[in-house]
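Asker: See entry_31.cif below, with mmCIF, C-alpha atoms.
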data_input
#
loop_
_atom_site.group_PDB
_atom_site.id
_atom_site.type_symbol
_atom_site.label_atom_id
_atom_site.label_comp_id
_atom_site.auth_asym_id
_atom_site.auth_seq_id
_atom_site.Cartn_x
_atom_site.Cartn_y
_atom_site.Cartn_z
ATOM 1 C CA ILE A 1 -49.800 55.358 -6.041
ATOM 2 C CA ASN A 2 -49.951 59.157 -5.990
ATOM 3 C CA GLN A 3 -47.651 62.173 -6.062
ATOM 4 C CA TYR A 4 -46.540 61.604 -2.458
ATOM 5 C CA ALA A 5 -45.029 58.225 -3.282
ATOM 6 C CA MET A 6 -42.081 59.995 -4.953
ATOM 7 C CA SER A 7 -39.798 62.572 -3.372
ATOM 8 C CA GLU A 8 -36.552 64.311 -4.293
ATOM 9 C CA TRP A 9 -34.161 64.914 -1.409
ATOM 10 C CA ASP A 10 -30.516 65.929 -1.479
ATOM 11 C CA GLY A 11 -30.244 65.191 -5.199
ATOM 12 C CA ARG A 12 -31.784 61.720 -5.010
ATOM 13 C CA LEU A 13 -35.196 60.300 -5.829
ATOM 14 C CA ARG A 14 -37.072 58.178 -3.287
ATOM 15 C CA VAL A 15 -39.909 55.980 -4.593
ATOM 16 C CA ALA A 16 -42.358 53.847 -2.594
ATOM 17 C CA THR A 17 -44.208 51.110 -4.459
ATOM 18 C CA THR A 18 -46.049 47.821 -4.073
ATOM 19 C CA ILE A 19 -44.690 44.947 -6.149
ATOM 20 C CA GLU A 20 -47.038 42.194 -7.338
ATOM 21 C CA THR A 21 -45.665 38.709 -7.956
ATOM 22 C CA VAL A 22 -47.124 35.253 -8.496
ATOM 23 C CA ASP A 23 -46.233 32.235 -6.386
ATOM 24 C CA GLY A 24 -44.464 29.764 -8.672
ATOM 25 C CA GLY A 25 -46.041 26.754 -6.989
ATOM 26 C CA SER A 26 -49.646 27.762 -6.338
ATOM 27 C CA GLY A 27 -49.980 30.556 -8.861
ATOM 28 C CA ALA A 28 -51.493 32.706 -6.113
ATOM 29 C CA PRO A 29 -50.834 36.463 -6.272
ATOM 30 C CA GLN A 30 -48.394 37.847 -3.745
ATOM 31 C CA SER A 31 -47.330 41.357 -2.881
ATOM 32 C CA HIS A 32 -44.817 43.311 -0.870
ATOM 33 C CA SER A 33 -43.799 46.939 -0.720
ATOM 34 C CA GLY A 34 -40.576 48.880 -0.480
ATOM 35 C CA VAL A 35 -38.824 52.218 -0.686
ATOM 36 C CA TYR A 36 -36.129 52.620 -3.341
ATOM 37 C CA VAL A 37 -33.486 55.350 -3.636
ATOM 38 C CA LEU A 38 -32.181 56.359 -7.070
ATOM 39 C CA GLU A 39 -29.649 58.873 -8.346
ATOM 40 C CA THR A 40 -28.522 60.084 -11.753
ATOM 41 C CA ARG A 41 -25.247 58.845 -13.163
ATOM 42 C CA GLY A 42 -24.633 60.382 -16.550
ATOM 43 C CA ASP A 43 -27.845 59.876 -18.486
ATOM 44 C CA ARG A 44 -29.032 56.959 -16.344
ATOM 45 C CA LEU A 45 -31.136 56.693 -13.179
ATOM 46 C CA VAL A 46 -29.481 54.089 -10.941
ATOM 47 C CA GLN A 47 -30.773 52.431 -7.779
ATOM 48 C CA VAL A 48 -28.354 53.064 -4.917
ATOM 49 C CA GLY A 49 -30.359 51.831 -1.929
ATOM 50 C CA ALA A 50 -33.548 50.004 -1.004
ATOM 51 C CA VAL A 51 -35.562 48.600 1.851
ATOM 52 C CA ASP A 52 -38.304 46.161 0.879
ATOM 53 C CA GLY A 53 -40.415 43.369 2.319
ATOM 54 C CA LEU A 54 -42.850 45.833 3.900
ATOM 55 C CA GLY A 55 -46.429 44.642 4.393
ATOM 56 C CA LYS A 56 -46.170 41.207 2.788
ATOM 57 C CA GLY A 57 -49.544 40.343 1.264
ATOM 58 C CA GLU A 58 -50.668 43.964 1.626
ATOM 59 C CA HIS A 59 -50.687 47.113 -0.516
ATOM 60 C CA ILE A 60 -49.494 50.638 0.139
ATOM 61 C CA TYR A 61 -52.360 52.986 0.971
ATOM 62 C CA ALA A 62 -50.420 56.121 1.923
ATOM 63 C CA VAL A 63 -46.882 57.521 1.730
ATOM 64 C CA ARG A 64 -45.325 60.747 2.936
ATOM 65 C CA PHE A 65 -41.677 61.791 2.832
ATOM 66 C CA VAL A 66 -40.595 64.483 5.276
ATOM 67 C CA GLY A 67 -36.915 65.350 4.802
ATOM 68 C CA PRO A 68 -34.792 62.268 5.486
ATOM 69 C CA VAL A 69 -37.732 60.201 6.817
ATOM 70 C CA GLY A 70 -40.413 58.265 4.964
ATOM 71 C CA TYR A 71 -43.774 57.163 6.350
ATOM 72 C CA VAL A 72 -45.512 54.232 4.635
ATOM 73 C CA VAL A 73 -48.944 52.742 5.386
ATOM 74 C CA THR A 74 -49.882 49.287 4.090
ATOM 75 C CA PHE A 75 -53.206 47.539 4.651
ATOM 76 C CA ARG A 76 -55.136 44.329 4.259
ATOM 77 C CA GLN A 77 -56.568 43.649 7.721
ATOM 78 C CA THR A 78 -54.549 45.972 9.957
ATOM 79 C CA ASP A 79 -52.711 49.213 9.278
ATOM 80 C CA PRO A 80 -48.955 49.059 9.761
ATOM 81 C CA LEU A 81 -47.460 52.552 9.767
ATOM 82 C CA TYR A 82 -43.770 52.152 8.963
ATOM 83 C CA THR A 83 -41.137 54.768 9.723
ATOM 84 C CA VAL A 84 -38.247 54.557 7.240
ATOM 85 C CA ASP A 85 -34.903 56.219 7.983
ATOM 86 C CA LEU A 86 -33.386 57.467 4.726
ATOM 87 C CA ARG A 87 -30.507 59.524 6.101
ATOM 88 C CA ASP A 88 -28.066 57.053 4.549
ATOM 89 C CA PRO A 89 -29.472 56.782 1.006
ATOM 90 C CA THR A 90 -27.417 53.665 0.294
ATOM 91 C CA ALA A 91 -28.787 51.816 3.333
ATOM 92 C CA PRO A 92 -32.346 52.910 4.190
ATOM 93 C CA VAL A 93 -33.833 51.056 7.136
ATOM 94 C CA VAL A 94 -37.243 50.546 8.731
ATOM 95 C CA ARG A 95 -36.987 51.995 12.234
ATOM 96 C CA GLY A 96 -40.483 51.406 13.590
ATOM 97 C CA GLU A 97 -43.846 49.812 12.891
ATOM 98 C CA LEU A 98 -47.254 50.621 14.376
ATOM 99 C CA LYS A 99 -50.094 48.129 13.822
ATOM 100 C CA ILE A 100 -53.634 49.417 14.325
ATOM 101 C CA PRO A 101 -57.031 48.473 12.828
ATOM 102 C CA GLY A 102 -57.990 50.281 9.637
ATOM 103 C CA TYR A 103 -55.730 52.440 7.522
ATOM 104 C CA SER A 104 -54.707 55.964 6.593
ATOM 105 C CA ALA A 105 -55.069 56.827 2.896
ATOM 106 C CA TYR A 106 -53.525 60.274 3.266
ATOM 107 C CA LEU A 107 -50.783 61.439 5.649
ATOM 108 C CA HIS A 108 -50.312 65.115 6.427
ATOM 109 C CA PRO A 109 -47.338 66.378 8.468
ATOM 110 C CA VAL A 110 -48.296 68.735 11.300
ATOM 111 C CA ASP A 111 -44.716 69.398 12.389
ATOM 112 C CA GLU A 112 -41.490 67.427 12.815
ATOM 113 C CA THR A 113 -43.030 65.107 15.412
ATOM 114 C CA ARG A 114 -46.697 64.635 14.434
ATOM 115 C CA LEU A 115 -48.701 63.347 11.459
ATOM 116 C CA ILE A 116 -52.402 63.486 10.643
ATOM 117 C CA GLY A 117 -53.871 60.391 8.996
ATOM 118 C CA ILE A 118 -57.159 60.402 7.030
ATOM 119 C CA GLY A 119 -58.630 57.024 6.165
ATOM 120 C CA GLN A 120 -60.968 54.297 7.329
ATOM 121 C CA ASP A 121 -61.527 52.578 10.643
ATOM 122 C CA ALA A 122 -61.830 48.796 10.319
ATOM 123 C CA THR A 123 -62.456 45.631 12.270
ATOM 124 C CA ASP A 124 -59.640 43.227 13.110
ATOM 125 C CA THR A 125 -60.585 41.265 9.990
ATOM 126 C CA GLY A 126 -60.231 44.298 7.720
ATOM 127 C CA GLN A 127 -63.911 45.264 7.237
ATOM 128 C CA VAL A 128 -64.030 49.056 6.922
ATOM 129 C CA ARG A 129 -66.488 50.890 9.174
ATOM 130 C CA GLY A 130 -66.201 54.606 8.465
ATOM 131 C CA THR A 131 -63.982 57.655 8.379
ATOM 132 C CA GLN A 132 -61.019 57.684 10.737
ATOM 133 C CA VAL A 133 -58.871 60.704 11.595
ATOM 134 C CA SER A 134 -55.686 59.834 13.476
ATOM 135 C CA LEU A 135 -52.952 61.874 15.114
ATOM 136 C CA PHE A 136 -49.588 60.111 15.195
ATOM 137 C CA ASP A 137 -46.565 60.922 17.349
ATOM 138 C CA VAL A 138 -43.456 60.142 15.285
ATOM 139 C CA SER A 139 -40.931 61.922 17.501
ATOM 140 C CA ASN A 140 -39.346 58.515 18.179
ATOM 141 C CA LEU A 141 -38.918 56.725 14.843
ATOM 142 C CA ASP A 142 -38.371 53.450 16.694
ATOM 143 C CA ALA A 143 -41.772 53.664 18.420
ATOM 144 C CA PRO A 144 -44.426 55.565 16.430
ATOM 145 C CA ALA A 145 -47.693 55.929 18.352
ATOM 146 C CA ARG A 146 -51.244 57.048 17.712
ATOM 147 C CA ILE A 147 -52.069 59.602 20.389
ATOM 148 C CA ALA A 148 -55.568 60.627 19.257
ATOM 149 C CA GLN A 149 -58.322 59.202 17.063
ATOM 150 C CA TYR A 150 -61.717 60.324 15.770
ATOM 151 C CA THR A 151 -64.084 57.950 13.938
ATOM 152 C CA LEU A 152 -67.436 58.317 12.191
ATOM 153 C CA SER A 153 -69.426 55.206 11.304
ATOM 154 C CA GLY A 154 -70.733 54.780 7.794
ATOM 155 C CA SER A 155 -68.882 57.717 6.276
ATOM 156 C CA TYR A 156 -66.312 58.321 3.550
ATOM 157 C CA SER A 157 -64.137 61.326 2.729
ATOM 158 C CA GLU A 158 -62.977 62.418 -0.707
ATOM 159 C CA ALA A 159 -59.712 63.365 1.001
ATOM 160 C CA GLU A 160 -58.852 59.658 1.096
ATOM 161 C CA ALA A 161 -58.461 59.676 -2.686
ATOM 162 C CA ASP A 162 -57.707 63.354 -3.327
ATOM 163 C CA PRO A 163 -55.631 65.281 -0.738
ATOM 164 C CA HIS A 164 -56.787 68.566 -2.298
ATOM 165 C CA ALA A 165 -60.105 67.972 -0.532
ATOM 166 C CA PHE A 166 -58.411 68.158 2.901
ATOM 167 C CA LEU A 167 -57.654 71.398 4.740
ATOM 168 C CA TYR A 168 -55.369 71.921 7.733
ATOM 169 C CA TRP A 169 -54.975 75.490 9.001
ATOM 170 C CA PRO A 170 -51.968 75.507 11.389
ATOM 171 C CA ALA A 171 -52.681 78.931 12.894
ATOM 172 C CA ASP A 172 -55.841 77.629 14.583
ATOM 173 C CA GLY A 173 -55.206 73.888 14.420
ATOM 174 C CA LEU A 174 -58.308 73.621 12.203
ATOM 175 C CA LEU A 175 -59.055 70.469 10.181
ATOM 176 C CA VAL A 176 -61.770 70.400 7.518
ATOM 177 C CA VAL A 177 -62.658 66.938 6.208
ATOM 178 C CA PRO A 178 -65.400 66.651 3.541
ATOM 179 C CA LEU A 179 -67.723 63.735 4.207
ATOM 180 C CA GLN A 180 -70.470 61.703 2.678
ATOM 181 C CA SER A 181 -72.430 59.562 5.090
ATOM 182 C CA ARG A 182 -75.476 57.378 5.507
ATOM 183 C CA TYR A 183 -76.371 59.463 8.587
ATOM 184 C CA GLY A 184 -77.828 62.953 8.237
ATOM 185 C CA PHE A 185 -76.262 66.003 9.798
ATOM 186 C CA GLY A 186 -78.118 67.378 12.786
ATOM 187 C CA ASP A 187 -79.636 64.033 13.801
ATOM 188 C CA PRO A 188 -80.827 63.851 17.423
ATOM 189 C CA VAL A 189 -78.236 61.102 17.886
ATOM 190 C CA PRO A 190 -74.694 62.514 17.667
ATOM 191 C CA PHE A 191 -73.258 61.815 14.214
ATOM 192 C CA ARG A 192 -70.349 59.718 15.485
ATOM 193 C CA ASP A 193 -72.610 57.641 17.786
ATOM 194 C CA ALA A 194 -75.396 56.906 15.318
ATOM 195 C CA PRO A 195 -76.435 53.227 15.471
ATOM 196 C CA ASP A 196 -75.561 50.958 12.584
ATOM 197 C CA ARG A 197 -78.685 50.892 10.413
ATOM 198 C CA ALA A 198 -79.558 50.389 6.753
ATOM 199 C CA PHE A 199 -78.292 52.899 4.244
ATOM 200 C CA ALA A 200 -80.583 55.846 3.678
ATOM 201 C CA PRO A 201 -81.885 56.308 0.107
ATOM 202 C CA ARG A 202 -79.521 59.261 -0.359
ATOM 203 C CA MET A 203 -76.189 59.979 1.261
ATOM 204 C CA ALA A 204 -75.856 63.021 3.494
ATOM 205 C CA ALA A 205 -73.023 65.335 2.519
ATOM 206 C CA GLY A 206 -71.064 68.006 4.339
ATOM 207 C CA ALA A 207 -67.790 68.660 6.111
ATOM 208 C CA LEU A 208 -66.470 67.624 9.498
ATOM 209 C CA ILE A 209 -64.709 70.425 11.374
ATOM 210 C CA LEU A 210 -62.091 69.386 13.929
ATOM 211 C CA ARG A 211 -59.507 71.218 15.970
ATOM 212 C CA LEU A 212 -56.078 69.830 16.744
ATOM 213 C CA THR A 213 -54.296 70.347 20.061
ATOM 214 C CA ASP A 214 -50.939 68.922 21.137
ATOM 215 C CA ASP A 215 -52.393 65.482 21.784
ATOM 216 C CA GLN A 216 -56.139 65.690 21.052
ATOM 217 C CA ILE A 217 -58.590 65.839 18.163
ATOM 218 C CA VAL A 218 -61.599 67.898 19.234
ATOM 219 C CA GLU A 219 -64.901 68.009 17.362
ATOM 220 C CA VAL A 220 -66.031 71.525 16.458
ATOM 221 C CA GLY A 221 -69.059 70.430 14.426
ATOM 222 C CA PHE A 222 -70.439 69.837 10.944
ATOM 223 C CA ILE A 223 -71.462 72.090 8.105
ATOM 224 C CA SER A 224 -73.399 71.342 4.921
ATOM 225 C CA HIS A 225 -74.514 73.237 1.849
ATOM 226 C CA PRO A 226 -78.192 73.875 1.076
ATOM 227 C CA PRO A 227 -79.829 71.160 -1.041
ATOM 228 C CA ALA A 228 -79.530 71.965 -4.720
ATOM 229 C CA VAL A 229 -82.938 71.636 -6.375
ATOM 230 C CA LYS A 230 -81.433 71.392 -9.858
ATOM 231 C CA PHE A 231 -79.277 68.430 -8.776
ATOM 232 C CA GLY A 232 -81.973 66.720 -6.711
ATOM 233 C CA TYR A 233 -79.587 65.994 -3.852
ATOM 234 C CA GLN A 234 -77.380 67.669 -1.270
ATOM 235 C CA PRO A 235 -74.127 68.505 -3.081
ATOM 236 C CA PRO A 236 -70.951 67.139 -1.489
ATOM 237 C CA ILE A 237 -68.422 69.701 -0.309
ATOM 238 C CA ARG A 238 -65.367 69.292 -2.544
ATOM 239 C CA ARG A 239 -62.873 71.952 -1.411
ATOM 240 C CA SER A 240 -62.284 74.349 1.470
ATOM 241 C CA LEU A 241 -59.991 77.273 2.195
ATOM 242 C CA ILE A 242 -59.345 79.923 4.834
ATOM 243 C CA THR A 243 -59.205 83.650 4.123
ATOM 244 C CA THR A 244 -58.120 86.341 6.563
ATOM 245 C CA ALA A 245 -59.024 90.036 6.464
ATOM 246 C CA GLY A 246 -58.181 92.401 9.309
ATOM 247 C CA ASN A 247 -58.781 90.449 12.503
ATOM 248 C CA GLY A 248 -61.325 88.114 10.934
ATOM 249 C CA THR A 249 -60.924 84.580 9.620
ATOM 250 C CA THR A 250 -63.454 82.987 7.258
ATOM 251 C CA LEU A 251 -63.852 79.367 6.210
ATOM 252 C CA TRP A 252 -64.979 79.002 2.588
ATOM 253 C CA THR A 253 -66.324 75.712 1.249
ATOM 254 C CA VAL A 254 -67.094 74.800 -2.360
ATOM 255 C CA SER A 255 -69.573 72.311 -3.805
ATOM 256 C CA ASP A 256 -71.344 71.765 -7.129
ATOM 257 C CA GLY A 257 -74.161 73.854 -5.665
ATOM 258 C CA GLY A 258 -72.247 76.966 -4.687
ATOM 259 C CA LEU A 259 -69.830 78.719 -2.349
ATOM 260 C CA MET A 260 -70.402 79.168 1.387
ATOM 261 C CA ALA A 261 -68.684 81.393 3.950
ATOM 262 C CA THR A 262 -68.639 80.149 7.548
ATOM 263 C CA ASP A 263 -67.331 81.440 10.866
ATOM 264 C CA PRO A 264 -64.708 78.769 11.734
ATOM 265 C CA THR A 265 -65.258 79.238 15.489
ATOM 266 C CA THR A 266 -69.052 79.192 15.761
ATOM 267 C CA LEU A 267 -69.766 77.521 12.378
ATOM 268 C CA ALA A 268 -72.408 80.205 11.764
ATOM 269 C CA ARG A 269 -73.185 80.700 8.071
ATOM 270 C CA LEU A 270 -72.022 84.107 6.887
ATOM 271 C CA ALA A 271 -72.927 83.938 3.221
ATOM 272 C CA TRP A 272 -74.159 81.571 0.525
ATOM 273 C CA ILE A 273 -73.596 82.068 -3.192
ATOM 274 C CA ALA A 274 -75.397 79.587 -5.436
ATOM 275 C CA TRP A 275 -73.933 78.837 -8.835
#
The structure given in the file should be rewritten as structure tokens.

Answerer:
Amino acid sequence: INQYAMSEWDGRLRVATTIETVDGGSGAPQSHSGVYVLETRGDRLVQVGAVDGLGKGEHIYAVRFVGPVGYVVTFRQTDPLYTVDLRDPTAPVVRGELKIPGYSAYLHPVDETRLIGIGQDATDTGQVRGTQVSLFDVSNLDAPARIAQYTLSGSYSEAEADPHAFLYWPADGLLVVPLQSRYGFGDPVPFRDAPDRAFAPRMAAGALILRLTDDQIVEVGFISHPPAVKFGYQPPIRRSLITTAGNGTTLWTVSDGGLMATDPTTLARLAWIAW
């Protein structure tokens, strides 16, 4: 799936995967997912424990291992977030399951009790509707809960496919999520409340800036790079980083058009360097 679907812990390898099979009677494709624990014995890698049967008929969209716990998201119509207890590597067990519409394609640990999820909101029938940022409370593995959610209709984030595009800055609780959307930034209608209308000829591009509190996701605003004449479109923001100097903190964002420095509190542009 991606690099987060494998994890070494205490000398053992944990692997999460979706297994495709075919029904012997109907010939219809079937799927289920599981987490498998392996260890080396001599020159062989041997399975010593497993828990499977997760998300029957679904596929894994996100995995994250944090110490002796695994978090697995599967999706077809709803998003089950599974908490997997791996403290006994020979007998891993699913402790909890949270079913919510949509899915998380990337999971990012905030601390020992909270996870950020980046993915897509969806209807009860599985039709995706736009970017979804979720904050999960996993302090009780038997009862994971989503405690905050932020959605944007008609949008997609590169962070869903490439976690390098996502930035979380713990010191300020800052989240930077690059976006492409059918709705332009700075519309009179708030971005997240824009009515569902036909796709614009060109997608708007920028980055959503959020701030995380103990149990809230707060919108700070949106930033975008100047339109690049040589490209003929507004370049999507691909990466972001924070730099600190003295008492100041600067948010830098990178696109095919150039490099921009932004005040992370006011979102005022400090500098623009075109390539």

Asker: Would you kindly return, as number ranges by chain, each protein, DNA or RNA residue with an atom no farther than 8 Å from any atom of segment 121-135 of chain A, considering only C-alpha atoms and excluding same-chain residues fewer than 3 positions away?

Answerer: A: 76-78, 101-104, 114-118, 146-157, 215-217

Asker: Using all atoms listed in the file, find each residue in segment 60-104 of chain A having at least one atom no more than 7 Å away from segment 45-54 of chain A; report its shortest atom-to-atom pair and that distance in Å (one decimal), rows by chain then rising number, as a Markdown table.

Answerer:
| residue | atom | partner | partner_atom | distance |
| --- | --- | --- | --- | --- |
| A:Pro89 | CA | A:Gly49 | CA | 5.8 |
| A:Thr90 | CA | A:Gly49 | CA | 4.1 |
| A:Ala91 | CA | A:Gly49 | CA | 5.5 |
| A:Pro92 | CA | A:Val51 | CA | 5.9 |
| A:Val93 | CA | A:Val51 | CA | 6.1 |

Asker: Show which residues sit within 8 Å of Tyr71 of chain A, as a list of chain:residue names. Count only C-alpha atoms, and ignore same-chain residues fewer than 5 positions away.

Answerer: A:Val63, A:Arg64, A:Phe65, A:Leu81, A:Tyr82, A:Thr83, A:Val84

Asker: Just the selected residues (C-alpha atoms), exported as a short mmCIF file (atom, residue, chain, number, x, y, z; two decimals), in the coordinates of the input, please.

Answerer:
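Just written: again-v8.cif:
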data_model
loop_
_atom_site.label_atom_id
_atom_site.label_comp_id
_atom_site.auth_asym_id
_atom_site.auth_seq_id
_atom_site.Cartn_x
_atom_site.Cartn_y
_atom_site.Cartn_z
CA VAL A 63 -46.88 57.52 1.73
CA ARG A 64 -45.32 60.75 2.94
CA PHE A 65 -41.68 61.79 2.83
CA LEU A 81 -47.46 52.55 9.77
CA TYR A 82 -43.77 52.15 8.96
CA THR A 83 -41.14 54.77 9.72
CA VAL A 84 -38.25 54.56 7.24
#

Asker: Report, in Å with one decimal, the straight-line distance from atom CA of Leu210 of chain A to atom CA of Pro236 of chain A.

Answerer: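 Atom CA of Leu210 of chain A sits 17.9 Å away from atom CA of Pro236 of chain A.
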
Asker: Translate the PyMOL selection byres ((chain A and resi 141) around 10) into a concrete residue list for this structure, as a compact mmCIF listing (two decimals) with C-alpha atoms, in the coordinates of the input.

Answerer:
# COMPACT_ATOMS: atom_id res chain seq x y z
CA VAL A 69 -37.73 60.20 6.82
CA TYR A 71 -43.77 57.16 6.35
CA TYR A 82 -43.77 52.15 8.96
CA THR A 83 -41.14 54.77 9.72
CA VAL A 84 -38.25 54.56 7.24
CA ASP A 85 -34.90 56.22 7.98
CA VAL A 94 -37.24 50.55 8.73
CA ARG A 95 -36.99 52.00 12.23
CA GLY A 96 -40.48 51.41 13.59
CA GLU A 97 -43.85 49.81 12.89
CA THR A 113 -43.03 65.11 15.41
CA ASP A 137 -46.56 60.92 17.35
CA VAL A 138 -43.46 60.14 15.28
CA SER A 139 -40.93 61.92 17.50
CA ASN A 140 -39.35 58.52 18.18
CA ASP A 142 -38.37 53.45 16.69
CA ALA A 143 -41.77 53.66 18.42
CA PRO A 144 -44.43 55.56 16.43
CA ALA A 145 -47.69 55.93 18.35

Asker: Would you please work out which residue, of A:Arg238, A:Lys99, A:Arg41, A:Arg87, is nearest to Asp10 of chain A when using all atoms listed in the file?

Answerer: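 Distance minimum relative to Asp10 of chain A lands on A:Arg87.
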
Asker: Between A:Gly57, A:Pro226, A:Pro109, A:Gly173, single out the one closest to Met260 of chain A, counting all atoms listed in the file.

Answerer: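 The answer is A:Pro226, which sits nearest to Met260 of chain A.
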
Asker: For the structure provided, state which residues fall under the PyMOL selection byres ((chain A and resi 15) around 6), and present them as a compact mmCIF listing (two decimals) with C-alpha atoms, in the frame of the given file.

Answerer:
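Result file follows (expr_11.txt):
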# COMPACT_ATOMS: atom_id res chain seq x y z
CA ALA A 5 -45.03 58.22 -3.28
CA MET A 6 -42.08 60.00 -4.95
CA ARG A 14 -37.07 58.18 -3.29
CA ALA A 16 -42.36 53.85 -2.59
CA VAL A 35 -38.82 52.22 -0.69
CA TYR A 36 -36.13 52.62 -3.34

Asker: So which residues touch segment 241-256 of chain A within 12 Å, counting all atoms listed in the file, skipping near sequence neighbours fewer than 3 positions away, as a PDB file with C-alpha atoms, in the frame of the given file?

Answerer:
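Output contents, as saved in result35.pdb:
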ATOM      1  CA  HIS A 164     -56.787  68.566  -2.298  1.00  0.00           C
ATOM      2  CA  ALA A 165     -60.105  67.972  -0.532  1.00  0.00           C
ATOM      3  CA  PHE A 166     -58.411  68.158   2.901  1.00  0.00           C
ATOM      4  CA  LEU A 167     -57.654  71.398   4.740  1.00  0.00           C
ATOM      5  CA  TYR A 168     -55.369  71.921   7.733  1.00  0.00           C
ATOM      6  CA  TRP A 169     -54.975  75.490   9.001  1.00  0.00           C
ATOM      7  CA  PRO A 170     -51.968  75.507  11.389  1.00  0.00           C
ATOM      8  CA  ALA A 171     -52.681  78.931  12.894  1.00  0.00           C
ATOM      9  CA  ASP A 172     -55.841  77.629  14.583  1.00  0.00           C
ATOM     10  CA  LEU A 174     -58.308  73.621  12.203  1.00  0.00           C
ATOM     11  CA  LEU A 175     -59.055  70.469  10.181  1.00  0.00           C
ATOM     12  CA  VAL A 176     -61.770  70.400   7.518  1.00  0.00           C
ATOM     13  CA  VAL A 177     -62.658  66.938   6.208  1.00  0.00           C
ATOM     14  CA  PRO A 178     -65.400  66.651   3.541  1.00  0.00           C
ATOM     15  CA  LEU A 179     -67.723  63.735   4.207  1.00  0.00           C
ATOM     16  CA  ALA A 205     -73.023  65.335   2.519  1.00  0.00           C
ATOM     17  CA  GLY A 206     -71.064  68.006   4.339  1.00  0.00           C
ATOM     18  CA  ALA A 207     -67.790  68.660   6.111  1.00  0.00           C
ATOM     19  CA  LEU A 208     -66.470  67.624   9.498  1.00  0.00           C
ATOM     20  CA  ILE A 209     -64.709  70.425  11.374  1.00  0.00           C
ATOM     21  CA  ILE A 223     -71.462  72.090   8.105  1.00  0.00           C
ATOM     22  CA  SER A 224     -73.399  71.342   4.921  1.00  0.00           C
ATOM     23  CA  HIS A 225     -74.514  73.237   1.849  1.00  0.00           C
ATOM     24  CA  PRO A 226     -78.192  73.875   1.076  1.00  0.00           C
ATOM     25  CA  PRO A 227     -79.829  71.160  -1.041  1.00  0.00           C
ATOM     26  CA  ALA A 228     -79.530  71.965  -4.720  1.00  0.00           C
ATOM     27  CA  VAL A 229     -82.938  71.636  -6.375  1.00  0.00           C
ATOM     28  CA  LYS A 230     -81.433  71.392  -9.858  1.00  0.00           C
ATOM     29  CA  PHE A 231     -79.277  68.430  -8.776  1.00  0.00           C
ATOM     30  CA  GLY A 232     -81.973  66.720  -6.711  1.00  0.00           C
ATOM     31  CA  TYR A 233     -79.587  65.994  -3.852  1.00  0.00           C
ATOM     32  CA  GLN A 234     -77.380  67.669  -1.270  1.00  0.00           C
ATOM     33  CA  PRO A 235     -74.127  68.505  -3.081  1.00  0.00           C
ATOM     34  CA  PRO A 236     -70.951  67.139  -1.489  1.00  0.00           C
ATOM     35  CA  ILE A 237     -68.422  69.701  -0.309  1.00  0.00           C
ATOM     36  CA  ARG A 238     -65.367  69.292  -2.544  1.00  0.00           C
ATOM     37  CA  LEU A 259     -69.830  78.719  -2.349  1.00  0.00           C
ATOM     38  CA  MET A 260     -70.402  79.168   1.387  1.00  0.00           C
ATOM     39  CA  ALA A 261     -68.684  81.393   3.950  1.00  0.00           C
ATOM     40  CA  THR A 262     -68.639  80.149   7.548  1.00  0.00           C
ATOM     41  CA  ASP A 263     -67.331  81.440  10.866  1.00  0.00           C
ATOM     42  CA  PRO A 264     -64.708  78.769  11.734  1.00  0.00           C
ATOM     43  CA  THR A 265     -65.258  79.238  15.489  1.00  0.00           C
ATOM     44  CA  THR A 266     -69.052  79.192  15.761  1.00  0.00           C
ATOM     45  CA  LEU A 267     -69.766  77.521  12.378  1.00  0.00           C
ATOM     46  CA  ALA A 268     -72.408  80.205  11.764  1.00  0.00           C
ATOM     47  CA  ARG A 269     -73.185  80.700   8.071  1.00  0.00           C
ATOM     48  CA  LEU A 270     -72.022  84.107   6.887  1.00  0.00           C
ATOM     49  CA  ALA A 271     -72.927  83.938   3.221  1.00  0.00           C
ATOM     50  CA  TRP A 272     -74.159  81.571   0.525  1.00  0.00           C
ATOM     51  CA  ILE A 273     -73.596  82.068  -3.192  1.00  0.00           C
ATOM     52  CA  ALA A 274     -75.397  79.587  -5.436  1.00  0.00           C
ATOM     53  CA  TRP A 275     -73.933  78.837  -8.835  1.00  0.00           C
TER      54      TRP A 275
END

Asker: Could you state the separation of atom CA of Glu8 of chain A and atom CA of Pro68 of chain A in Å, given to one decimal place?

Answerer: 10.1 Å

Asker: Contacts of Arg12 of chain A at 9 Å or less, counting all atoms listed in the file, minus same-chain residues fewer than 5 places along, as a list in words?

Answerer: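 In the requested format, the answer is Ser7, Val37, Leu38, Glu39, Thr40 and Pro89 of chain A.
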
Asker: Rounded to one decimal place, report the atom CA of Asp79 of chain A-atom CA of Ala161 of chain A distance in Å.

Answerer: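 Value for the atom CA of Asp79 of chain A-atom CA of Ala161 of chain A distance: 16.9 Å.
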
Asker: Between A:Leu13, A:Asp162, A:Lys56, A:Arg44, which is the closest to Pro29 of chain A once you count all atoms listed in the file?

Answerer: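 Closest to Pro29 of chain A, using all atoms listed in the file: A:Lys56.
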
Asker: Which one of A:Gly221, A:Glu58, A:Gln120, A:Trp9 sits closest to Gly70 of chain A if you count all atoms listed in the file?

Answerer: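 Closest residue, counting all atoms listed in the file: A:Trp9.
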